[in-house]
>>> print(open('upload_18.tsv').read())   # TSV, C-alpha atoms and all ligand atoms
chain	number	residue	atom	x	y	z
A	1	MET	CA	21.97	-14.44	-7.14
A	2	ASN	CA	19.46	-16.19	-9.39
A	3	LYS	CA	19.67	-15.47	-13.08
A	4	GLY	CA	16.56	-14.08	-14.67
A	5	ILE	CA	13.57	-11.89	-14.01
A	6	ALA	CA	11.10	-12.42	-11.18
A	7	ILE	CA	7.69	-10.76	-11.06
A	8	TYR	CA	6.26	-9.53	-7.77
A	9	PRO	CA	2.58	-8.93	-8.63
A	10	GLY	CA	-0.02	-7.32	-6.40
A	11	SER	CA	-2.48	-4.51	-5.81
A	12	PHE	CA	-0.19	-2.44	-3.54
A	13	ASP	CA	-3.11	-0.24	-2.46
A	14	PRO	CA	-1.18	1.21	-0.71
A	15	PRO	CA	2.35	-0.21	-0.59
A	16	THR	CA	3.26	-1.18	2.99
A	17	ASN	CA	6.52	-1.70	4.84
A	18	GLY	CA	5.90	-5.42	4.44
A	19	HIS	CA	5.82	-5.05	0.63
A	20	LEU	CA	8.98	-2.97	0.69
A	21	ASP	CA	10.71	-5.49	2.94
A	22	LEU	CA	9.88	-8.23	0.44
A	23	MET	CA	11.13	-6.14	-2.48
A	24	GLU	CA	14.43	-5.61	-0.68
A	25	ARG	CA	14.77	-9.34	0.03
A	26	GLY	CA	13.72	-10.26	-3.51
A	27	SER	CA	16.15	-7.81	-5.09
A	28	LYS	CA	19.00	-9.66	-3.34
A	29	ILE	CA	18.18	-13.04	-4.79
A	30	PHE	CA	16.95	-12.24	-8.30
A	31	GLU	CA	18.87	-10.63	-11.11
A	32	GLU	CA	15.90	-8.34	-11.79
A	33	LEU	CA	12.67	-7.91	-9.87
A	34	VAL	CA	9.65	-6.41	-11.60
A	35	VAL	CA	7.00	-5.16	-9.19
A	36	ALA	CA	3.78	-5.39	-11.22
A	37	ILE	CA	0.63	-3.52	-10.19
A	38	LEU	CA	-2.64	-5.09	-11.32
A	39	ARG	CA	-4.58	-2.50	-13.35
A	40	ASN	CA	-7.98	-4.13	-13.75
A	41	SER	CA	-8.75	-4.99	-10.14
A	42	GLU	CA	-12.46	-5.43	-9.41
A	43	LYS	CA	-12.07	-3.69	-6.08
A	44	SER	CA	-12.44	0.08	-6.11
A	45	PRO	CA	-8.96	1.18	-5.07
A	46	MET	CA	-8.06	3.97	-2.68
A	47	PHE	CA	-5.10	5.01	-4.85
A	48	SER	CA	-5.15	5.19	-8.64
A	49	VAL	CA	-2.68	3.03	-10.57
A	50	ALA	CA	-0.71	6.20	-11.42
A	51	GLU	CA	-0.45	7.12	-7.73
A	52	ARG	CA	0.70	3.61	-6.76
A	53	LEU	CA	3.22	3.61	-9.60
A	54	GLU	CA	4.62	6.92	-8.43
A	55	MET	CA	4.83	5.82	-4.77
A	56	LEU	CA	6.48	2.49	-5.63
A	57	ARG	CA	9.00	4.18	-7.95
A	58	ALA	CA	9.97	6.60	-5.20
A	59	LEU	CA	10.21	3.80	-2.62
A	60	THR	CA	12.43	1.53	-4.69
A	61	GLY	CA	14.75	4.17	-6.18
A	62	HIS	CA	17.62	2.75	-4.09
A	63	LEU	CA	17.11	-0.79	-5.45
A	64	LYS	CA	18.85	-0.70	-8.79
A	65	ASN	CA	17.53	-4.05	-10.07
A	66	VAL	CA	13.90	-3.34	-9.18
A	67	ARG	CA	11.53	-2.04	-11.82
A	68	ILE	CA	7.90	-0.97	-11.39
A	69	ASP	CA	5.32	-1.80	-14.03
A	70	THR	CA	1.58	-2.42	-14.41
A	71	PHE	CA	-0.31	-5.29	-15.97
A	72	ASP	CA	-3.76	-6.29	-17.05
A	73	GLY	CA	-5.39	-9.68	-17.54
A	74	LEU	CA	-3.68	-12.93	-16.65
A	75	MET	CA	-0.53	-12.55	-14.60
A	76	VAL	CA	1.14	-15.58	-16.17
A	77	GLU	CA	0.67	-14.05	-19.64
A	78	TYR	CA	2.29	-10.86	-18.44
A	79	ALA	CA	5.12	-12.86	-16.80
A	80	LYS	CA	5.69	-14.74	-20.06
A	81	SER	CA	5.75	-11.51	-22.04
A	82	MET	CA	8.46	-10.27	-19.65
A	83	GLN	CA	10.37	-13.55	-20.02
A	84	ALA	CA	10.20	-13.97	-16.27
A	85	VAL	CA	11.36	-17.20	-14.70
A	86	CYS	CA	9.36	-16.93	-11.52
A	87	ILE	CA	6.70	-15.18	-9.50
A	88	LEU	CA	7.49	-13.81	-6.06
A	89	ARG	CA	4.80	-13.65	-3.39
A	90	GLY	CA	4.93	-12.92	0.30
A	91	ILE	CA	3.45	-15.11	3.02
A	92	ARG	CA	2.94	-13.47	6.39
A	93	ALA	CA	0.95	-15.94	8.43
A	94	ILE	CA	-0.64	-19.33	7.94
A	95	SER	CA	-3.88	-17.52	7.01
A	96	ASP	CA	-2.22	-16.35	3.77
A	97	TYR	CA	-1.25	-19.87	2.83
A	98	GLU	CA	-4.56	-21.19	1.50
A	99	TYR	CA	-5.13	-18.29	-0.90
A	100	GLU	CA	-1.51	-18.25	-2.00
A	101	LEU	CA	-1.46	-22.02	-2.55
A	102	GLN	CA	-4.61	-21.83	-4.69
A	103	MET	CA	-3.19	-18.99	-6.71
A	104	ALA	CA	0.21	-20.65	-7.17
A	105	LEU	CA	-1.38	-23.92	-8.29
A	106	MET	CA	-3.76	-22.15	-10.67
A	107	ASN	CA	-0.86	-20.21	-12.13
A	108	ARG	CA	1.10	-23.45	-12.49
A	109	LYS	CA	-1.87	-25.02	-14.31
A	110	LEU	CA	-2.00	-22.03	-16.63
A	111	GLU	CA	1.77	-21.93	-17.17
A	112	PRO	CA	3.69	-24.99	-15.91
A	113	THR	CA	7.12	-23.51	-16.62
A	114	LEU	CA	6.63	-20.61	-14.23
A	115	GLU	CA	7.52	-21.24	-10.58
A	116	THR	CA	6.11	-19.32	-7.61
A	117	VAL	CA	8.61	-18.48	-4.88
A	118	PHE	CA	7.36	-17.49	-1.42
A	119	MET	CA	9.29	-15.28	0.94
A	120	MET	CA	8.47	-14.10	4.46
A	121	PRO	CA	8.67	-10.42	5.34
A	122	ALA	CA	10.25	-9.43	8.68
A	123	ASP	CA	8.09	-10.71	11.54
A	124	LYS	CA	7.42	-7.13	12.73
A	125	TYR	CA	5.30	-6.73	9.57
A	126	SER	CA	3.51	-10.07	9.85
A	127	TYR	CA	0.18	-8.40	10.72
A	128	VAL	CA	0.47	-5.50	8.27
A	129	SER	CA	-1.83	-5.55	5.24
A	130	SER	CA	-2.92	-2.85	2.81
A	131	ARG	CA	-6.54	-3.45	3.78
A	132	LEU	CA	-5.92	-2.86	7.49
A	133	VAL	CA	-3.73	0.15	6.77
A	134	ARG	CA	-6.56	1.69	4.68
A	135	GLU	CA	-9.07	0.93	7.42
A	136	VAL	CA	-6.94	2.48	10.18
A	137	ALA	CA	-6.09	5.55	8.08
A	138	GLN	CA	-9.71	6.11	7.02
A	139	ALA	CA	-10.78	6.00	10.66
A	140	GLY	CA	-8.14	8.61	11.52
A	141	GLY	CA	-5.76	6.19	13.28
A	142	PRO	CA	-1.93	6.27	13.12
A	143	VAL	CA	-0.16	4.22	10.46
A	144	LYS	CA	3.37	5.27	11.38
A	145	GLY	CA	5.78	2.36	11.12
A	146	LEU	CA	3.36	0.33	9.02
A	147	VAL	CA	3.94	2.16	5.76
A	148	PRO	CA	6.84	4.22	4.42
A	149	GLU	CA	6.68	7.95	5.22
A	150	ILE	CA	5.65	9.03	1.73
A	151	VAL	CA	2.74	6.59	1.83
A	152	GLU	CA	1.78	7.86	5.28
A	153	HIS	CA	1.73	11.40	3.88
A	154	LYS	CA	-0.35	10.37	0.81
A	155	LEU	CA	-2.80	8.51	3.04
A	156	ARG	CA	-3.26	11.60	5.17
A	157	GLU	CA	-3.89	13.69	2.03
A	158	LYS	CA	-6.43	11.16	0.71
A	159	VAL	CA	-8.33	10.95	3.97
A	160	THR	CA	-8.39	14.74	4.38
A	161	SER	CA	-9.61	15.35	0.84
A	162	ALA	CA	-12.25	12.62	1.18
A	163	LYS	CA	-13.48	14.28	4.41
A	164	GLN	CA	-13.55	17.70	2.70
A	165	ARG	CA	-15.57	16.26	-0.20
A	166	GLU	CA	-17.97	14.66	2.26
A	167	THR	CA	-18.42	17.93	4.17
A	168	ARG	CA	-19.05	19.82	0.89
A	169	ALA	CA	-21.58	17.20	-0.22
A	170	ILE	CA	-23.43	17.48	3.10
A	171	GLU	CA	-23.45	21.28	2.80
A	172	ILE	CA	-24.89	21.09	-0.72
A	173	LEU	CA	-27.51	18.57	0.36
A	174	ASP	CA	-28.37	20.79	3.31
A	175	ARG	CA	-28.93	23.71	0.93
A	176	ILE	CA	-31.22	21.81	-1.36
A	177	ASP	CA	-34.86	22.05	-0.52
A	178	LEU	CA	-36.89	18.84	-0.69
A	179	GLY	CA	-38.58	20.31	-3.78
A	180	GLY	CA	-35.20	20.57	-5.50
A	181	LYS	CA	-34.69	24.32	-5.14
A	182	GLU	CA	-31.54	25.65	-3.46
A	183	LEU	CA	-32.16	27.32	-0.14
A	184	ASP	CA	-30.53	30.51	0.96
A	185	PRO	CA	-27.43	29.50	3.04
A	186	LYS	CA	-28.85	31.67	5.86
A	187	GLU	CA	-32.03	29.62	5.68
A	188	THR	CA	-29.99	26.41	5.97
A	189	LYS	CA	-28.30	27.74	9.10
A	190	ARG	CA	-31.71	28.60	10.58
A	191	LYS	CA	-32.96	25.08	9.78
A	192	LYS	CA	-29.89	23.52	11.43
A	193	LYS	CA	-30.46	25.53	14.61
A	194	ALA	CA	-34.11	24.52	14.76
B	201	LIG	O1	-1.95	-8.05	-3.62
B	201	LIG	P1	-3.04	-8.95	-4.09
B	201	LIG	O2	-4.30	-8.17	-4.29
B	201	LIG	O3	-3.21	-10.14	-3.19
B	201	LIG	O4	-2.57	-9.50	-5.53
B	201	LIG	C1	-3.33	-10.42	-6.23
B	201	LIG	C2	-2.81	-10.56	-7.67
B	201	LIG	C3	-2.81	-9.23	-8.38
B	201	LIG	C4	-1.42	-11.14	-7.64
B	201	LIG	C5	-3.75	-11.56	-8.40
B	201	LIG	O5	-5.07	-11.16	-8.21
B	201	LIG	C6	-3.47	-11.66	-9.90
B	201	LIG	O6	-2.45	-12.14	-10.31
B	201	LIG	N1	-4.44	-11.17	-10.71
B	201	LIG	C7	-4.32	-11.15	-12.14
B	201	LIG	C8	-5.33	-12.07	-12.79
B	201	LIG	C9	-4.85	-13.50	-12.76
B	201	LIG	O7	-3.84	-13.85	-13.32
B	201	LIG	N2	-5.64	-14.33	-12.08
B	201	LIG	C10	-5.32	-15.73	-11.89
B	201	LIG	C11	-4.44	-15.93	-10.67
B	201	LIG	S1	-4.88	-17.36	-9.85
>>> encode(input="upload_18.tsv", output="structure tokens")
Amino acid sequence: MNKGIAIYPGSFDPPTNGHLDLMERGSKIFEELVVAILRNSEKSPMFSVAERLEMLRALTGHLKNVRIDTFDGLMVEYAKSMQAVCILRGIRAISDYEYELQMALMNRKLEPTLETVFMMPADKYSYVSSRLVREVAQAGGPVKGLVPEIVEHKLREKVTSAKQRETRAIEILDRIDLGGKELDPKETKRKKKA
């Protein structure tokens, strides 16, 4: 086991089985692994930072040397503040390599003492990404086996509540007259039938 702290940074929106696989592998080779969720992502996330923190804590409860945290700003600054010796990132396919190489070299430029270590998740997860999982779930497809069960459950909740909000919004819009006045719900029904 390597001495020292490693940081596994990412968006984890949502955490997938591939992420978890990497955490399990990383926890075996580092003394302590800190999974760090980026707080200030430009993308509008599906899950809030608090939700991702909660899911990741539940998922890694069995890994005693894994800690979940959040960070803002430059990752290398956060890593330094944690006295980390390296950054852990996963590479699934060759398509990940270019982005990961750029990021690793930029991080090295920013902080030459910090090494990036790449690990491969199990090949059965080589096509699994948070983005595709979100896409499949939002379209009502199955994500079983791609994400842990608690994430699957949370995804279902998210998609259902988003659909309910959408239905409510359509109902409200339906009830609003073009002039801005609310129509009688009976009137709306009559209009729909017409
Ligand atoms: O899971 P992701 O979205 O691929 O993770 C990307 C992440 C969070 C590791 C990366 O965007 C990051 O470290 N952002 C923090 C800002 C930073 O340090 N940028 C310079 C890195 S080249």
>>> closest_atom_pairs(input="upload_18.tsv", of="chain A", to="ligand LIG 201 (chain B)", cutoff="10 Å", atoms="only C-alpha atoms and all ligand atoms", output="Markdown table")
| residue | atom | partner | partner_atom | distance |
| --- | --- | --- | --- | --- |
| A:Ile7 | CA | B:LIG201 | C4 | 9.7 |
| A:Tyr8 | CA | B:LIG201 | C4 | 7.8 |
| A:Pro9 | CA | B:LIG201 | C4 | 4.7 |
| A:Gly10 | CA | B:LIG201 | O1 | 3.5 |
| A:Ser11 | CA | B:LIG201 | O1 | 4.2 |
| A:Phe12 | CA | B:LIG201 | O1 | 5.9 |
| A:Asp13 | CA | B:LIG201 | O1 | 8.0 |
| A:Pro14 | CA | B:LIG201 | O1 | 9.7 |
| A:Pro15 | CA | B:LIG201 | O1 | 9.4 |
| A:His19 | CA | B:LIG201 | O1 | 9.4 |
| A:Ala36 | CA | B:LIG201 | C3 | 8.1 |
| A:Ile37 | CA | B:LIG201 | C3 | 6.9 |
| A:Leu38 | CA | B:LIG201 | C3 | 5.1 |
| A:Arg39 | CA | B:LIG201 | C3 | 8.6 |
| A:Asn40 | CA | B:LIG201 | C7 | 8.1 |
| A:Ser41 | CA | B:LIG201 | O5 | 7.4 |
| A:Glu42 | CA | B:LIG201 | O5 | 9.4 |
| A:Lys43 | CA | B:LIG201 | O2 | 9.1 |
| A:Phe71 | CA | B:LIG201 | C7 | 8.1 |
| A:Asp72 | CA | B:LIG201 | C7 | 6.9 |
| A:Gly73 | CA | B:LIG201 | C8 | 5.3 |
| A:Leu74 | CA | B:LIG201 | O7 | 3.5 |
| A:Met75 | CA | B:LIG201 | O7 | 3.8 |
| A:Val76 | CA | B:LIG201 | O7 | 6.0 |
| A:Glu77 | CA | B:LIG201 | O7 | 7.8 |
| A:Tyr78 | CA | B:LIG201 | O7 | 8.5 |
| A:Ala79 | CA | B:LIG201 | O7 | 9.7 |
| A:Ile87 | CA | B:LIG201 | C4 | 9.3 |
| A:Leu88 | CA | B:LIG201 | C4 | 9.4 |
| A:Arg89 | CA | B:LIG201 | C4 | 7.9 |
| A:Gly90 | CA | B:LIG201 | O3 | 9.3 |
| A:Asp96 | CA | B:LIG201 | O3 | 9.4 |
| A:Tyr99 | CA | B:LIG201 | O3 | 8.7 |
| A:Glu100 | CA | B:LIG201 | O3 | 8.4 |
| A:Leu101 | CA | B:LIG201 | S1 | 9.3 |
| A:Gln102 | CA | B:LIG201 | S1 | 6.8 |
| A:Met103 | CA | B:LIG201 | S1 | 3.9 |
| A:Ala104 | CA | B:LIG201 | S1 | 6.6 |
| A:Leu105 | CA | B:LIG201 | S1 | 7.6 |
| A:Met106 | CA | B:LIG201 | S1 | 5.0 |
| A:Asn107 | CA | B:LIG201 | S1 | 5.4 |
| A:Arg108 | CA | B:LIG201 | S1 | 8.9 |
| A:Lys109 | CA | B:LIG201 | S1 | 9.4 |
| A:Leu110 | CA | B:LIG201 | C10 | 8.6 |
| A:Ser129 | CA | B:LIG201 | O1 | 9.2 |
| A:Ser130 | CA | B:LIG201 | O1 | 8.3 |
| A:Arg131 | CA | B:LIG201 | O2 | 9.6 |
>>> write_last_selection(input="upload_18.tsv", atoms="C-alpha atoms", output="tab-separated table (two decimals), in the frame of the given file")
chain	number	residue	atom	x	y	z
A	7	ILE	CA	7.69	-10.76	-11.06
A	8	TYR	CA	6.26	-9.53	-7.77
A	9	PRO	CA	2.58	-8.93	-8.63
A	10	GLY	CA	-0.02	-7.32	-6.40
A	11	SER	CA	-2.48	-4.51	-5.81
A	12	PHE	CA	-0.19	-2.44	-3.54
A	13	ASP	CA	-3.11	-0.24	-2.46
A	14	PRO	CA	-1.18	1.21	-0.71
A	15	PRO	CA	2.35	-0.21	-0.59
A	19	HIS	CA	5.82	-5.05	0.63
A	36	ALA	CA	3.78	-5.39	-11.22
A	37	ILE	CA	0.63	-3.52	-10.19
A	38	LEU	CA	-2.64	-5.09	-11.32
A	39	ARG	CA	-4.58	-2.50	-13.35
A	40	ASN	CA	-7.98	-4.13	-13.75
A	41	SER	CA	-8.75	-4.99	-10.14
A	42	GLU	CA	-12.46	-5.43	-9.41
A	43	LYS	CA	-12.07	-3.69	-6.08
A	71	PHE	CA	-0.31	-5.29	-15.97
A	72	ASP	CA	-3.76	-6.29	-17.05
A	73	GLY	CA	-5.39	-9.68	-17.54
A	74	LEU	CA	-3.68	-12.93	-16.65
A	75	MET	CA	-0.53	-12.55	-14.60
A	76	VAL	CA	1.14	-15.58	-16.17
A	77	GLU	CA	0.67	-14.05	-19.64
A	78	TYR	CA	2.29	-10.86	-18.44
A	79	ALA	CA	5.12	-12.86	-16.80
A	87	ILE	CA	6.70	-15.18	-9.50
A	88	LEU	CA	7.49	-13.81	-6.06
A	89	ARG	CA	4.80	-13.65	-3.39
A	90	GLY	CA	4.93	-12.92	0.30
A	96	ASP	CA	-2.22	-16.35	3.77
A	99	TYR	CA	-5.13	-18.29	-0.90
A	100	GLU	CA	-1.51	-18.25	-2.00
A	101	LEU	CA	-1.46	-22.02	-2.55
A	102	GLN	CA	-4.61	-21.83	-4.69
A	103	MET	CA	-3.19	-18.99	-6.71
A	104	ALA	CA	0.21	-20.65	-7.17
A	105	LEU	CA	-1.38	-23.92	-8.29
A	106	MET	CA	-3.76	-22.15	-10.67
A	107	ASN	CA	-0.86	-20.21	-12.13
A	108	ARG	CA	1.10	-23.45	-12.49
A	109	LYS	CA	-1.87	-25.02	-14.31
A	110	LEU	CA	-2.00	-22.03	-16.63
A	129	SER	CA	-1.83	-5.55	5.24
A	130	SER	CA	-2.92	-2.85	2.81
A	131	ARG	CA	-6.54	-3.45	3.78
>>> residues_around(input="upload_18.tsv", residues="Ala93 of chain A", least_positions_apart="6", cutoff="12 Å", atoms="all atoms listed in the file", output="number ranges by chain")
A: 99-100, 118-129
>>> write_last_selection(input="upload_18.tsv", atoms="C-alpha atoms", output="mmCIF file, keeping the file's coordinate frame")
data_model
loop_
_atom_site.group_PDB
_atom_site.id
_atom_site.type_symbol
_atom_site.label_atom_id
_atom_site.label_comp_id
_atom_site.auth_asym_id
_atom_site.auth_seq_id
_atom_site.Cartn_x
_atom_site.Cartn_y
_atom_site.Cartn_z
ATOM 1 C CA TYR A 99 -5.130 -18.290 -0.900
ATOM 2 C CA GLU A 100 -1.510 -18.250 -2.000
ATOM 3 C CA PHE A 118 7.360 -17.490 -1.420
ATOM 4 C CA MET A 119 9.290 -15.280 0.940
ATOM 5 C CA MET A 120 8.470 -14.100 4.460
ATOM 6 C CA PRO A 121 8.670 -10.420 5.340
ATOM 7 C CA ALA A 122 10.250 -9.430 8.680
ATOM 8 C CA ASP A 123 8.090 -10.710 11.540
ATOM 9 C CA LYS A 124 7.420 -7.130 12.730
ATOM 10 C CA TYR A 125 5.300 -6.730 9.570
ATOM 11 C CA SER A 126 3.510 -10.070 9.850
ATOM 12 C CA TYR A 127 0.180 -8.400 10.720
ATOM 13 C CA VAL A 128 0.470 -5.500 8.270
ATOM 14 C CA SER A 129 -1.830 -5.550 5.240
#
>>> atom_distance(input="upload_18.tsv", atom1="atom CA of Val136 of chain A", atom2="atom CA of Leu59 of chain A")
21.4 Å
>>> atom_distance(input="upload_18.tsv", atom1="atom CA of Val159 of chain A", atom2="atom CA of Gln138 of chain A")
5.9 Å
>>> closest_residue(input="upload_18.tsv", among="A:Val85, A:Leu53, A:Tyr97, A:Ala137", to="Leu114 of chain A", atoms="only C-alpha atoms")
A:Val85
>>> atom_distance(input="upload_18.tsv", atom1="atom CA of Ile176 of chain A", atom2="atom CA of Ser44 of chain A")
29.1 Å
>>> closest_residue(input="upload_18.tsv", among="A:Arg168, A:Pro148, A:Phe30, A:Ser81", to="Lys64 of chain A", atoms="all atoms listed in the file")
A:Phe30
>>> closest_residue(input="upload_18.tsv", among="A:Glu98, A:Glu24, A:Ile68, A:Met46", to="Glu157 of chain A", atoms="all atoms listed in the file")
A:Met46
>>> residues_around(input="upload_18.tsv", residues="Gly4 of chain A", least_positions_apart="2", cutoff="10 Å", atoms="all atoms listed in the file", output="ChimeraX atom specification")
/A:1-2,6,30-33,83-86
>>> closest_residue(input="upload_18.tsv", among="A:Leu20, A:Thr70, A:His153, A:Ile91", to="Thr116 of chain A", atoms="all atoms listed in the file")
A:Ile91
>>> closest_residue(input="upload_18.tsv", among="A:Pro112, A:Val49, A:Val147, A:Arg92", to="Thr16 of chain A", atoms="all atoms listed in the file")
A:Val147
>>> axis_aligned_box(input="upload_18.tsv", around="segment 16-19 of chain A", padding_each_side="4 Å", output="lines of an AutoDock Vina configuration file")
center_x = 4.9
center_y = -3.3
center_z = 2.7
size_x = 11.3
size_y = 12.2
size_z = 12.2
>>> closest_residue(input="upload_18.tsv", among="A:Leu63, A:Met55, A:Ile150, A:Ile5", to="Ser27 of chain A", atoms="all atoms listed in the file")
A:Leu63
>>> build_atoms(input="upload_18.tsv", residues="segment 147-156 of chain A", atoms="all heavy atoms", output="compact mmCIF listing (two decimals), in the coordinates of the input")
# COMPACT_ATOMS: atom_id res chain seq x y z
N VAL A 147 3.71 1.81 7.17
CA VAL A 147 3.94 2.16 5.76
C VAL A 147 5.11 3.15 5.70
O VAL A 147 5.38 3.84 6.69
CB VAL A 147 2.67 2.81 5.13
CG1 VAL A 147 1.53 1.82 5.00
CG2 VAL A 147 2.23 4.03 5.90
N PRO A 148 5.77 3.22 4.54
CA PRO A 148 6.84 4.22 4.42
C PRO A 148 6.26 5.64 4.58
O PRO A 148 5.06 5.86 4.35
CB PRO A 148 7.36 3.99 3.00
CG PRO A 148 6.92 2.62 2.63
CD PRO A 148 5.64 2.37 3.35
N GLU A 149 7.15 6.58 4.92
CA GLU A 149 6.68 7.95 5.22
C GLU A 149 5.91 8.60 4.08
O GLU A 149 4.91 9.27 4.31
CB GLU A 149 7.87 8.83 5.60
CG GLU A 149 7.97 8.99 7.10
CD GLU A 149 9.16 9.79 7.54
OE1 GLU A 149 9.45 10.82 6.89
OE2 GLU A 149 9.82 9.39 8.52
N ILE A 150 6.37 8.36 2.84
CA ILE A 150 5.65 9.03 1.73
C ILE A 150 4.23 8.47 1.58
O ILE A 150 3.31 9.20 1.22
CB ILE A 150 6.39 8.97 0.36
CG1 ILE A 150 6.88 7.57 0.03
CG2 ILE A 150 7.48 9.98 0.25
CD1 ILE A 150 7.37 7.47 -1.42
N VAL A 151 4.08 7.20 1.91
CA VAL A 151 2.74 6.59 1.83
C VAL A 151 1.87 7.15 2.96
O VAL A 151 0.69 7.46 2.76
CB VAL A 151 2.83 5.05 1.89
CG1 VAL A 151 1.45 4.42 1.90
CG2 VAL A 151 3.67 4.50 0.74
N GLU A 152 2.50 7.31 4.13
CA GLU A 152 1.78 7.86 5.28
C GLU A 152 1.24 9.26 4.92
O GLU A 152 0.08 9.58 5.19
CB GLU A 152 2.79 7.97 6.43
CG GLU A 152 2.18 8.08 7.79
CD GLU A 152 3.24 8.34 8.86
OE1 GLU A 152 4.40 7.92 8.69
OE2 GLU A 152 2.90 9.00 9.84
N HIS A 153 2.09 10.04 4.28
CA HIS A 153 1.73 11.40 3.88
C HIS A 153 0.57 11.37 2.87
O HIS A 153 -0.41 12.09 2.99
CB HIS A 153 2.99 12.05 3.28
CG HIS A 153 2.79 13.45 2.85
ND1 HIS A 153 2.66 14.48 3.76
CD2 HIS A 153 2.69 13.99 1.61
CE1 HIS A 153 2.48 15.60 3.07
NE2 HIS A 153 2.49 15.33 1.78
N LYS A 154 0.69 10.48 1.86
CA LYS A 154 -0.35 10.37 0.81
C LYS A 154 -1.67 9.90 1.42
O LYS A 154 -2.74 10.34 0.99
CB LYS A 154 0.08 9.38 -0.27
CG LYS A 154 1.20 9.86 -1.14
CD LYS A 154 0.62 10.46 -2.39
CE LYS A 154 1.73 11.04 -3.25
NZ LYS A 154 1.24 12.00 -4.23
N LEU A 155 -1.58 9.00 2.40
CA LEU A 155 -2.80 8.51 3.04
C LEU A 155 -3.50 9.65 3.77
O LEU A 155 -4.72 9.80 3.67
CB LEU A 155 -2.45 7.41 4.06
CG LEU A 155 -2.34 5.99 3.54
CD1 LEU A 155 -1.67 5.09 4.55
CD2 LEU A 155 -3.70 5.41 3.17
N ARG A 156 -2.69 10.47 4.44
CA ARG A 156 -3.26 11.60 5.17
C ARG A 156 -3.97 12.55 4.19
O ARG A 156 -5.09 13.00 4.43
CB ARG A 156 -2.17 12.32 5.96
CG ARG A 156 -2.66 12.75 7.34
CD ARG A 156 -1.58 13.32 8.22
NE ARG A 156 -0.53 12.37 8.54
CZ ARG A 156 0.78 12.60 8.39
NH1 ARG A 156 1.21 13.75 7.91
NH2 ARG A 156 1.66 11.69 8.72
